[in-house]
Amino acid sequence: MTNVIIAGAAGRMGCRLVSLLKESTTLKLAGAIEGAKHPTLGQDAGEIAGCGRAGVPITDDLPLLLERGDVVVDFSSPHATLDHLRVVAQHRRAMVIGTTGFSASEIQQIRDFAAQIPCVLSPNMSVGVNLICKVIAEMAKTLGDGYDIEVIEAHHRLKKDAPSGTALKLAEVLADAVGRNLAQVGVYERKGLIGERKNTEIGIQTVRAGDIVGDHTVLFGGIGERIEVIHRASSRDTFASGALRAAGWVAGRQPGLYDMMDVLGLR
């Protein structure tokens with residue numbers, strides 16, 4: 001039995017993680033944390049998640065929880081995640097990070113901490129999305145420069161970062177597959193008299209509306225045809241299930257930075 005601690009336990013993803021953990025036969029909810037002064041502190045994590053009493057109170061004392069926890073699953077914010085990771089590294093436990101919106105320097109901090117502990121970092125924990133990453137790389141190599149590449153993502157109106165971490169990951173996979181540098185060819189906005197599209201462009205476009213859980217489309221546009229690979233998430237459970245799968249996988253691994261391709265054996 002792997003003992004799991006949920007960071008951001010009162011958030012949208014945190015609540016789904018708590019609920020799924022309560023049903024698991026291989027993973028156990030060992031702790032739930034929120035920030036200092038959060039209104040749910042002291043309350044039962046299961047009751048906050050709406051799945052019934054779990055017997056685990058929400059606390060802000062991560063070091064205490066790590067005495068009995070094996071792995072922390074974190075879908076909070078970049079700043080909070082890095083604070084949690086620092087504590088987890090000190091206690092030599094494992095971590096699964098689903099938080100998005102990190103800067104380049106913050107990603108480097110994660111890499112540095114992952115030299116001390118096993119850590120899974122992925123902008124999308126969905127099995128389907130990670131399988132798509134493998135498929136689109138092969139498609140891009142085969143289709144070549146004769147097909148324009150666009151990535152379109154849509155999320156709920158409350159999402160704070162744009163483009164989504166998943167869209168950026170998809171774009172990076174595509175750029176690597178065709179030998180391009182995304183920093184040089186990524187186009188995130190089109191407005192006004194922009195002229196003809198460059199052959200090497202990779203477009204990444206964003207939609208924010210309503211309660212969309214997460215839609216991602218990779219479009220290959222050729223002359224006379226187009227191919228679209230679409231993933232639509234209808235429930236956060238697809239991400240939560242993947243994250244818990246990663247938690248069971250990473251506990252006890254050697255230190256290093258892993259992703260869902262490693263977890264799923266798709267590398």
# chains A, B, ... in the order shown; residues from 1 in each chain; ligands from 1
>>> closest_atom_pairs(of="segment 167-256 of chain A", to="segment 95-103 of chain A", cutoff="8 Å", atoms="only C-alpha atoms", output="JSON lines")
{"residue": "A:Ala243", "atom": "CA", "partner": "A:Val96", "partner_atom": "CA", "distance": 6.9}
{"residue": "A:Ala246", "atom": "CA", "partner": "A:Val96", "partner_atom": "CA", "distance": 6.8}
{"residue": "A:Ala247", "atom": "CA", "partner": "A:Val96", "partner_atom": "CA", "distance": 6.2}
{"residue": "A:Val250", "atom": "CA", "partner": "A:Met95", "partner_atom": "CA", "distance": 7.6}
>>> write_last_selection(atoms="N, CA and C atoms", output="PDB file, in the first residue's frame")
ATOM      1  N   ALA A 243      -2.648  10.652 -12.453  1.00  0.00           N
ATOM      2  CA  ALA A 243      -1.740  11.117 -11.408  1.00  0.00           C
ATOM      3  C   ALA A 243      -1.553  10.064 -10.320  1.00  0.00           C
ATOM      4  N   ALA A 246       0.666   7.425 -11.536  1.00  0.00           N
ATOM      5  CA  ALA A 246       2.046   7.897 -11.427  1.00  0.00           C
ATOM      6  C   ALA A 246       2.553   7.795  -9.988  1.00  0.00           C
ATOM      7  N   ALA A 247       1.675   8.080  -9.026  1.00  0.00           N
ATOM      8  CA  ALA A 247       2.068   8.002  -7.613  1.00  0.00           C
ATOM      9  C   ALA A 247       2.455   6.583  -7.233  1.00  0.00           C
ATOM     10  N   VAL A 250       5.957   5.864  -9.045  1.00  0.00           N
ATOM     11  CA  VAL A 250       7.186   6.596  -8.717  1.00  0.00           C
ATOM     12  C   VAL A 250       7.715   6.276  -7.324  1.00  0.00           C
TER      13      VAL A 250
END
>>> select_by_dssp(residues="segment 84-180 of chain A", states="strand (DSSP E)", output="ChimeraX atom specification")
/A:94-97,118-121,148-155
>>> closest_atom_pairs(of="segment 137-161 of chain A", to="segment 170-183 of chain A", cutoff="9 Å", atoms="only C-alpha atoms", output="Markdown table")
| residue | atom | partner | partner_atom | distance |
| --- | --- | --- | --- | --- |
| A:Ala137 | CA | A:Ala177 | CA | 5.3 |
| A:Glu138 | CA | A:Ala177 | CA | 7.4 |
| A:Met139 | CA | A:Ala177 | CA | 8.8 |
| A:Ala140 | CA | A:Ala177 | CA | 6.3 |
| A:Lys141 | CA | A:Ala177 | CA | 5.8 |
| A:Gly144 | CA | A:Val178 | CA | 6.9 |
| A:Asp145 | CA | A:Val178 | CA | 7.9 |
| A:Ile149 | CA | A:Leu174 | CA | 8.2 |
| A:Glu150 | CA | A:Ala171 | CA | 8.3 |
| A:Val151 | CA | A:Ala171 | CA | 6.8 |
>>> closest_residue(among="A:Asp211, A:Asp112, A:Glu196, A:Asp259", to="Lys169 of chain A", atoms="only C-alpha atoms")
A:Asp259
>>> atom_distance(atom1="atom CA of Pro123 of chain A", atom2="atom CA of Gly221 of chain A")
25.6 Å
>>> residues_around(residues="Gly42 of chain A", least_positions_apart="2", cutoff="10 Å", atoms="only C-alpha atoms", output="list in words")
Ile33, His38, Pro39, Thr40, Asp44, Ala45, Val56, Pro57, Ile58, Thr59 and Asp60 of chain A
>>> select_by_dssp(residues="segment 35-265 of chain A", states="alpha helix (DSSP H)", output="mmCIF file with C-alpha atoms, in the first residue's frame")
data_model
loop_
_atom_site.group_PDB
_atom_site.id
_atom_site.type_symbol
_atom_site.label_atom_id
_atom_site.label_comp_id
_atom_site.auth_asym_id
_atom_site.auth_seq_id
_atom_site.Cartn_x
_atom_site.Cartn_y
_atom_site.Cartn_z
ATOM 1 C CA ALA A 45 -10.640 15.925 3.441
ATOM 2 C CA GLY A 46 -13.311 13.437 2.355
ATOM 3 C CA GLU A 47 -16.158 15.655 3.491
ATOM 4 C CA ILE A 48 -14.647 18.634 1.651
ATOM 5 C CA ALA A 49 -14.306 16.457 -1.450
ATOM 6 C CA LEU A 62 3.597 19.029 5.318
ATOM 7 C CA PRO A 63 6.726 17.965 7.283
ATOM 8 C CA LEU A 64 4.534 16.189 9.835
ATOM 9 C CA LEU A 65 2.576 14.363 7.116
ATOM 10 C CA PRO A 78 3.877 27.056 -9.232
ATOM 11 C CA HIS A 79 4.981 28.901 -6.091
ATOM 12 C CA ALA A 80 3.253 26.488 -3.710
ATOM 13 C CA THR A 81 4.461 23.442 -5.639
ATOM 14 C CA LEU A 82 8.090 24.555 -5.399
ATOM 15 C CA ASP A 83 7.702 25.141 -1.660
ATOM 16 C CA HIS A 84 6.243 21.641 -1.272
ATOM 17 C CA LEU A 85 8.965 20.109 -3.457
ATOM 18 C CA ARG A 86 11.667 21.664 -1.311
ATOM 19 C CA VAL A 87 10.202 20.036 1.807
ATOM 20 C CA VAL A 88 9.647 16.690 0.056
ATOM 21 C CA ALA A 89 13.295 16.672 -1.081
ATOM 22 C CA GLN A 90 14.463 17.332 2.459
ATOM 23 C CA ALA A 104 11.965 28.264 -17.324
ATOM 24 C CA SER A 105 13.842 29.041 -14.109
ATOM 25 C CA GLU A 106 11.218 27.220 -12.043
ATOM 26 C CA ILE A 107 11.495 24.146 -14.270
ATOM 27 C CA GLN A 108 15.234 24.204 -13.620
ATOM 28 C CA GLN A 109 14.579 24.276 -9.870
ATOM 29 C CA ILE A 110 12.389 21.197 -10.266
ATOM 30 C CA ARG A 111 15.199 19.464 -12.167
ATOM 31 C CA ASP A 112 17.629 20.324 -9.378
ATOM 32 C CA PHE A 113 15.358 18.891 -6.681
ATOM 33 C CA ALA A 114 14.689 15.800 -8.813
ATOM 34 C CA VAL A 127 -3.284 8.304 -20.615
ATOM 35 C CA GLY A 128 -4.923 9.385 -23.881
ATOM 36 C CA VAL A 129 -3.017 12.655 -24.194
ATOM 37 C CA ASN A 130 0.319 10.972 -23.549
ATOM 38 C CA LEU A 131 -0.448 8.331 -26.151
ATOM 39 C CA ILE A 132 -1.278 11.140 -28.586
ATOM 40 C CA CYS A 133 2.163 12.653 -27.923
ATOM 41 C CA LYS A 134 3.746 9.477 -29.240
ATOM 42 C CA VAL A 135 1.404 9.257 -32.240
ATOM 43 C CA ILE A 136 1.693 12.877 -33.416
ATOM 44 C CA ALA A 137 5.484 12.742 -33.383
ATOM 45 C CA GLU A 138 5.397 9.927 -35.926
ATOM 46 C CA MET A 139 2.729 11.722 -37.951
ATOM 47 C CA ALA A 140 4.751 14.930 -38.094
ATOM 48 C CA LYS A 141 7.878 13.090 -39.251
ATOM 49 C CA THR A 142 5.955 11.309 -41.987
ATOM 50 C CA LEU A 143 3.947 14.317 -43.205
ATOM 51 C CA GLY A 165 0.780 23.192 -20.336
ATOM 52 C CA THR A 166 -0.590 20.365 -22.451
ATOM 53 C CA ALA A 167 -0.736 22.522 -25.586
ATOM 54 C CA LEU A 168 2.852 23.596 -25.043
ATOM 55 C CA LYS A 169 3.909 19.987 -24.541
ATOM 56 C CA LEU A 170 2.165 18.939 -27.757
ATOM 57 C CA ALA A 171 3.835 21.791 -29.616
ATOM 58 C CA GLU A 172 7.260 20.850 -28.222
ATOM 59 C CA VAL A 173 6.783 17.227 -29.293
ATOM 60 C CA LEU A 174 5.805 18.338 -32.796
ATOM 61 C CA ALA A 175 8.675 20.816 -33.075
ATOM 62 C CA ASP A 176 11.224 18.200 -31.989
ATOM 63 C CA ALA A 177 9.779 15.685 -34.451
ATOM 64 C CA LEU A 182 9.584 26.015 -30.777
ATOM 65 C CA ALA A 183 10.956 29.231 -29.272
ATOM 66 C CA GLN A 184 11.675 30.408 -32.813
ATOM 67 C CA VAL A 185 8.665 29.048 -34.738
ATOM 68 C CA ASP A 237 -11.062 12.028 -13.225
ATOM 69 C CA THR A 238 -8.979 11.216 -16.302
ATOM 70 C CA PHE A 239 -6.208 13.466 -14.961
ATOM 71 C CA ALA A 240 -6.664 12.354 -11.357
ATOM 72 C CA SER A 241 -6.530 8.657 -12.289
ATOM 73 C CA GLY A 242 -3.342 9.193 -14.270
ATOM 74 C CA ALA A 243 -1.740 11.117 -11.408
ATOM 75 C CA LEU A 244 -2.530 8.331 -8.945
ATOM 76 C CA ARG A 245 -1.130 5.804 -11.399
ATOM 77 C CA ALA A 246 2.046 7.897 -11.427
ATOM 78 C CA ALA A 247 2.068 8.002 -7.613
ATOM 79 C CA GLY A 248 1.997 4.226 -7.394
ATOM 80 C CA TRP A 249 4.729 3.988 -10.036
ATOM 81 C CA VAL A 250 7.186 6.596 -8.717
ATOM 82 C CA MET A 260 3.965 10.156 -17.906
ATOM 83 C CA MET A 261 5.686 8.626 -20.907
ATOM 84 C CA ASP A 262 7.935 6.851 -18.396
ATOM 85 C CA VAL A 263 4.993 5.879 -16.190
#
>>> residues_around(residues="segment 201-209 of chain A", least_positions_apart="6", cutoff="7 Å", atoms="only C-alpha atoms", output="VMD selection string")
chain A and resid 149 to 157 162 to 163 185 to 189
>>> residues_around(residues="Met1 of chain A", least_positions_apart="2", cutoff="10 Å", atoms="only C-alpha atoms", output="list in words")
Asn3, Val4, Ser24, Thr25, Thr26, Leu27, Lys28, Asp70 and Gly248 of chain A
>>> closest_residue(among="A:Gly31, A:Glu23, A:Phe75, A:Val229", to="Gly8 of chain A", atoms="only C-alpha atoms")
A:Phe75
>>> closest_residue(among="A:Gln254, A:Gln116, A:Thr2, A:Thr200", to="Leu29 of chain A", atoms="only C-alpha atoms")
A:Thr2
>>> atom_distance(atom1="atom CA of Gly50 of chain A", atom2="atom CA of Glu67 of chain A")
26.7 Å
>>> atom_distance(atom1="atom CA of Val213 of chain A", atom2="atom CA of Ser234 of chain A")
6.1 Å
